[in-house]
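Participant: Have a look at this one before I ask anything.
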Amino acid sequence: MAFSDLIQQAAALCKSSCRLAVLTGAGVSKESGIPTFRDAMDGLWAQYDPQELATLEAFRRNPSLVWNWYQFRRSVVQAAQPNAGHIALARLQQLCPHMQIITQNVDNLHERAGSTKVIRLHGSIALNRCSGNCQGNPTHLTIDRAIPATGDEPPACPHCGKYIRPDVVWFGEVLPAKQIEHAKQLARTADVMLVIGTSGVVQPAAHMPVIARSAGAKIIEVNPVKSEVTPLAHVWLQGPSAEILPQIIEAIDNV
Ligand code: BV8
């Protein structure tokens, strides 16, 4: 089938959907200049495996290293802009008001592109919390309220003195119950799931397309290469999301 026919097929599925769910991964932010999770980080961080650094064990073993990795990534996210793919998804939500985005990403580019009701499975790199959640889970803190960091150590919580940490879900940590239950509910009831820019490796997020497919949803995947999701896809649109998603929007406007 010609690629343009696949775009038309995806557009028709999205337009006719009454319960459209979207699952995004790090690939949707690639064209905003944010390395995907499994891309080698460049420069200083290229020597580290993100999967090793994004753990409580790494933070306990070397809090300064992990804290500074997040400070570097925050600077990359702050300098980044939503790309045409994020903007197309915000437009899609205007065309399909019932649509909800489930994201594995910790950047805030969906919201900055205008998407609403984003379900954040892995937290937000923009937020910090007390590592002991001393005032309740989570105890969110702004850096300037914290006790200044000594050297390049993480700042200390002004309430209890424990380290402050990024408000993200590390490997080996459970996902926030409200968000994962909401995501599962969307996957169970979706009639179409659009899966964008994920290798489909990280659980339990990667299980969402499996739930949706087994509940009868049509699966559309956008990814330049095959992933763990591709075998589940009824429509696989091979290419970068910043190019493909605007084409789907254009086709919906012409359906
Ligand atoms: C948990 C925040 C209970 C931190 C992240 C089975 C069940 C449950 C758990 C497990 C299980 N098996 C293994 C586990 C443990 C683990 C896991 O999944 N490990 C994997 C590696 C096997 N899961 C957990 O620990 C989770 N916790 O389940 O708790 C528990 C507890 C203990 C023991 C057992 C169970 C917590 C997982 C959350 C980890 N935190 N982020 C931070 O970011 O610093 S996940 C991290 O990976 C990012 O959020 C990222 O988004 C996410 C997923 O990766 P992807 O988004 O898919 O990114 P990736 O780089 O892999 O792929 C990018 C894709 O984009 C590629 O396919 C590429 O081709 C494509 N692409 C590239 N360019 C483009 C593009 N696509 C479109 N356009 C482009 N231009």
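The chains in the structure tokens are called A, B, ... from first to last as shown; in each chain the residues are counted from 1, and the ligands are counted from 1 in the order shown.
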As a ChimeraX atom specification, please: every residue in segment 83-235 of chain A that a backbone DSSP assignment puts in strand (DSSP E).
Facilitator: /A:100-103,119-120,123-130,140-141,164-168,192-196,218-223,235
Participant: Could you please extract the residues within 8 Å of ligand 1, counting only C-alpha atoms and all ligand atoms, and hand them back as a ChimeraX atom specification?
Facilitator: /A:24-31,35-39,50-51,53-55,70,103-106,121-125,168-175,196-206,222-227,239-242
Participant: Which residues are close to Ala80 of chain A, i.e. within 8 Å by only C-alpha atoms, leaving aside same-chain residues fewer than 5 positions away? Reply as a PyMOL selection string.
Facilitator: chain A and resi 32-34
Participant: Hey, can you spit out that residue selection with all heavy atoms as a compact mmCIF listing (two decimals), in the first residue's frame?
Facilitator:
```txt
# COMPACT_ATOMS: atom_id res chain seq x y z
N SER A 32 12.82 17.89 18.67
CA SER A 32 12.97 19.11 19.48
C SER A 32 14.39 19.18 20.04
O SER A 32 14.70 20.06 20.84
CB SER A 32 11.95 19.12 20.62
OG SER A 32 10.64 19.21 20.08
N GLY A 33 15.21 18.20 19.65
CA GLY A 33 16.61 18.22 20.10
C GLY A 33 16.84 17.52 21.42
O GLY A 33 17.91 17.64 22.03
N ILE A 34 15.82 16.76 21.87
CA ILE A 34 16.00 16.02 23.12
C ILE A 34 16.35 14.57 22.77
O ILE A 34 15.55 13.91 22.11
CB ILE A 34 14.71 16.07 23.99
CG1 ILE A 34 14.39 17.53 24.33
CG2 ILE A 34 14.85 15.22 25.23
CD1 ILE A 34 13.12 17.72 25.13
```
Participant: From the options A:Leu245, A:Met1, A:Ala10, A:Ala190, which residue's atoms come nearest to Ile220 of chain A, counting only C-alpha atoms?
Facilitator: A:Ala10
Participant: Which is closer to Asn133 of chain A than all the others in A:Glu221, A:Asp5, A:Asp167, A:Glu111, using only C-alpha atoms?
Facilitator: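 Checking each candidate against Asn133 of chain A, we get A:Asp167 as the closest.
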Participant: Can you list, as number ranges by chain, every protein, DNA or RNA residue that comes within 10 Å of Asn254 of chain A when you count only C-alpha atoms, leaving out same-chain residues fewer than 4 positions away?
Facilitator: A: 8, 11-12, 248-250
Participant: Kindly export the residues of the current selection with all heavy atoms, as a short mmCIF file (atom, residue, chain, number, x, y, z; two decimals), in the first residue's frame.
Facilitator:
```
data_model
loop_
_atom_site.label_atom_id
_atom_site.label_comp_id
_atom_site.auth_asym_id
_atom_site.auth_seq_id
_atom_site.Cartn_x
_atom_site.Cartn_y
_atom_site.Cartn_z
N GLN A 8 -3.85 8.21 4.71
CA GLN A 8 -5.31 8.36 4.59
C GLN A 8 -6.03 7.40 5.54
O GLN A 8 -7.00 7.76 6.20
CB GLN A 8 -5.76 8.07 3.14
CG GLN A 8 -5.34 9.11 2.12
CD GLN A 8 -5.93 10.50 2.40
OE1 GLN A 8 -7.02 10.61 2.99
NE2 GLN A 8 -5.21 11.54 2.05
N ALA A 11 -5.71 8.63 9.03
CA ALA A 11 -6.56 9.83 9.22
C ALA A 11 -8.01 9.43 9.38
O ALA A 11 -8.72 9.92 10.27
CB ALA A 11 -6.39 10.77 8.03
N ALA A 12 -8.45 8.49 8.55
CA ALA A 12 -9.87 8.05 8.63
C ALA A 12 -10.14 7.38 9.97
O ALA A 12 -11.18 7.63 10.60
CB ALA A 12 -10.16 7.10 7.47
N ILE A 248 -1.04 13.56 8.87
CA ILE A 248 -2.30 12.95 9.31
C ILE A 248 -3.35 14.06 9.53
O ILE A 248 -4.50 13.95 9.09
CB ILE A 248 -2.11 12.13 10.61
CG1 ILE A 248 -1.20 10.92 10.36
CG2 ILE A 248 -3.46 11.67 11.17
CD1 ILE A 248 -0.89 10.09 11.60
N ILE A 249 -2.91 15.14 10.17
CA ILE A 249 -3.84 16.27 10.42
C ILE A 249 -4.35 16.82 9.09
O ILE A 249 -5.56 17.05 8.90
CB ILE A 249 -3.13 17.39 11.22
CG1 ILE A 249 -2.73 16.88 12.60
CG2 ILE A 249 -4.03 18.62 11.35
CD1 ILE A 249 -3.87 16.39 13.45
N GLU A 250 -3.43 17.01 8.13
CA GLU A 250 -3.82 17.56 6.81
C GLU A 250 -4.84 16.62 6.14
O GLU A 250 -5.86 17.05 5.62
CB GLU A 250 -2.58 17.71 5.93
CG GLU A 250 -2.82 18.53 4.67
CD GLU A 250 -1.55 18.58 3.79
OE1 GLU A 250 -0.44 18.38 4.35
OE2 GLU A 250 -1.69 18.80 2.58
#
```
Participant: Tell me which of A:Val77, A:Ile211, A:Ala177, A:Cys130 sits closest to Lys162 of chain A, counting only C-alpha atoms.
Facilitator: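 Counting only C-alpha atoms, the residue closest to Lys162 of chain A is A:Cys130.
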Participant: For Cys18 of chain A, which residue among A:Gln78, A:Gln93, A:Asn83, A:Ser4 is the nearest when counting only C-alpha atoms?
Facilitator: A:Gln93
Participant: Which of segment 97-152 of chain A counts as helix (DSSP H, G or I) under DSSP, as a short mmCIF file (atom, residue, chain, number, x, y, z; two decimals) with all heavy atoms, in the first residue's frame please?
Facilitator:
```
data_model
loop_
_atom_site.label_atom_id
_atom_site.label_comp_id
_atom_site.auth_asym_id
_atom_site.auth_seq_id
_atom_site.Cartn_x
_atom_site.Cartn_y
_atom_site.Cartn_z
N LEU A 109 6.79 19.18 26.75
CA LEU A 109 6.56 19.73 25.41
C LEU A 109 5.12 19.52 24.92
O LEU A 109 4.60 20.34 24.15
CB LEU A 109 7.58 19.15 24.42
CG LEU A 109 9.03 19.55 24.71
CD1 LEU A 109 9.97 18.96 23.67
CD2 LEU A 109 9.20 21.07 24.75
N HIS A 110 4.44 18.45 25.36
CA HIS A 110 3.03 18.31 24.94
C HIS A 110 2.21 19.50 25.49
O HIS A 110 1.44 20.12 24.75
CB HIS A 110 2.43 17.02 25.50
CG HIS A 110 2.86 15.78 24.77
ND1 HIS A 110 2.73 15.62 23.41
CD2 HIS A 110 3.40 14.62 25.23
CE1 HIS A 110 3.17 14.42 23.06
NE2 HIS A 110 3.60 13.79 24.13
N GLU A 111 2.40 19.80 26.77
CA GLU A 111 1.64 20.90 27.38
C GLU A 111 2.04 22.23 26.74
O GLU A 111 1.19 23.08 26.45
CB GLU A 111 1.87 20.95 28.89
CG GLU A 111 1.29 19.75 29.65
CD GLU A 111 2.29 18.59 29.77
OE1 GLU A 111 3.29 18.53 29.02
OE2 GLU A 111 2.03 17.71 30.63
N ARG A 112 3.32 22.41 26.46
CA ARG A 112 3.78 23.68 25.87
C ARG A 112 3.27 23.82 24.43
O ARG A 112 3.15 24.92 23.91
CB ARG A 112 5.31 23.77 25.92
CG ARG A 112 5.83 24.10 27.34
CD ARG A 112 7.32 23.92 27.47
NE ARG A 112 8.08 24.72 26.52
CZ ARG A 112 9.39 24.55 26.31
NH1 ARG A 112 10.06 23.60 26.98
NH2 ARG A 112 10.04 25.30 25.45
N ALA A 113 2.90 22.70 23.79
CA ALA A 113 2.34 22.77 22.43
C ALA A 113 0.83 23.03 22.48
O ALA A 113 0.20 23.27 21.44
CB ALA A 113 2.60 21.46 21.69
N ILE A 143 13.57 24.91 43.98
CA ILE A 143 14.99 24.91 44.36
C ILE A 143 15.32 26.12 45.24
O ILE A 143 16.01 26.03 46.23
CB ILE A 143 15.90 24.95 43.09
CG1 ILE A 143 15.63 23.72 42.25
CG2 ILE A 143 17.36 25.08 43.47
CD1 ILE A 143 16.40 22.50 42.63
N ASP A 144 14.70 27.30 44.90
CA ASP A 144 15.16 28.49 45.66
C ASP A 144 14.69 28.43 47.11
O ASP A 144 15.16 29.14 47.95
CB ASP A 144 14.67 29.78 44.96
CG ASP A 144 13.15 29.76 44.77
OD1 ASP A 144 12.51 28.86 45.37
OD2 ASP A 144 12.63 30.60 44.03
N ARG A 145 13.70 27.53 47.39
CA ARG A 145 13.26 27.42 48.79
C ARG A 145 14.15 26.44 49.56
O ARG A 145 14.08 26.32 50.78
CB ARG A 145 11.80 26.92 48.84
CG ARG A 145 10.76 28.04 48.73
CD ARG A 145 9.39 27.55 49.12
NE ARG A 145 9.42 26.86 50.41
CZ ARG A 145 8.67 25.79 50.68
NH1 ARG A 145 7.89 25.27 49.77
NH2 ARG A 145 8.71 25.22 51.87
#
```
Participant: What is the distance, in Å and to one decimal place, between atom CA of Glu243 of chain A and atom CA of Pro97 of chain A?
Facilitator: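 According to the coordinates, atom CA of Glu243 of chain A and atom CA of Pro97 of chain A are separated by 22.6 Å.
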Participant: So how many Å separate atom CA of Ser64 of chain A and atom CA of Glu153 of chain A, to one decimal?
Facilitator: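 So the answer is 4.5 Å.
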Participant: Let me make sure I understand: among A:Ala46, A:Ala156, A:Cys96, A:Cys14, which one has the smallest atom-to-atom distance to Val192 of chain A if we use only C-alpha atoms?
Facilitator: A:Cys14
Participant: Find the distance between atom CA of Ile101 of chain A and atom CA of Val22 of chain A and write it in Å to one decimal.
Facilitator: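 Computing it gives 4.7 Å between the two atoms.
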Participant: Which residue, A:Ala217, A:Ile164, A:Ala212, A:Leu92, has the smallest gap to Phe59 of chain A when you use only C-alpha atoms?
Facilitator: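 Selected residue with least distance to Phe59 of chain A: A:Ile164.
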Participant: So that I can check the surroundings of Gln135 of chain A, please list as a PyMOL selection string every protein, DNA and RNA residue that reaches within 12 Å of it, counting only C-alpha atoms and ignoring chain neighbours fewer than 5 positions away.
Facilitator: chain A and resi 129-130+140-141+157-160+162
Participant: Can you pull out the residues contacting Asn68 of chain A? Cut-off 9 Å, using only C-alpha atoms, and skip same-chain residues under 3 positions away; I want them as a PyMOL selection string.
Facilitator: chain A and resi 63-65+71-73+152-154
Participant: Let me see the file: selected residues, C-alpha atoms, as a short mmCIF file (atom, residue, chain, number, x, y, z; two decimals), in the first residue's frame.
Facilitator:
```
data_model
loop_
_atom_site.label_atom_id
_atom_site.label_comp_id
_atom_site.auth_asym_id
_atom_site.auth_seq_id
_atom_site.Cartn_x
_atom_site.Cartn_y
_atom_site.Cartn_z
CA PRO A 63 23.72 11.83 44.42
CA SER A 64 25.85 14.57 42.82
CA LEU A 65 26.30 12.64 39.56
CA GLN A 71 20.28 19.50 35.80
CA PHE A 72 21.87 18.97 32.35
CA ARG A 73 18.70 17.35 30.97
CA ASP A 152 27.38 20.10 43.36
CA GLU A 153 25.39 17.96 45.76
CA PRO A 154 21.59 18.07 45.42
#
```
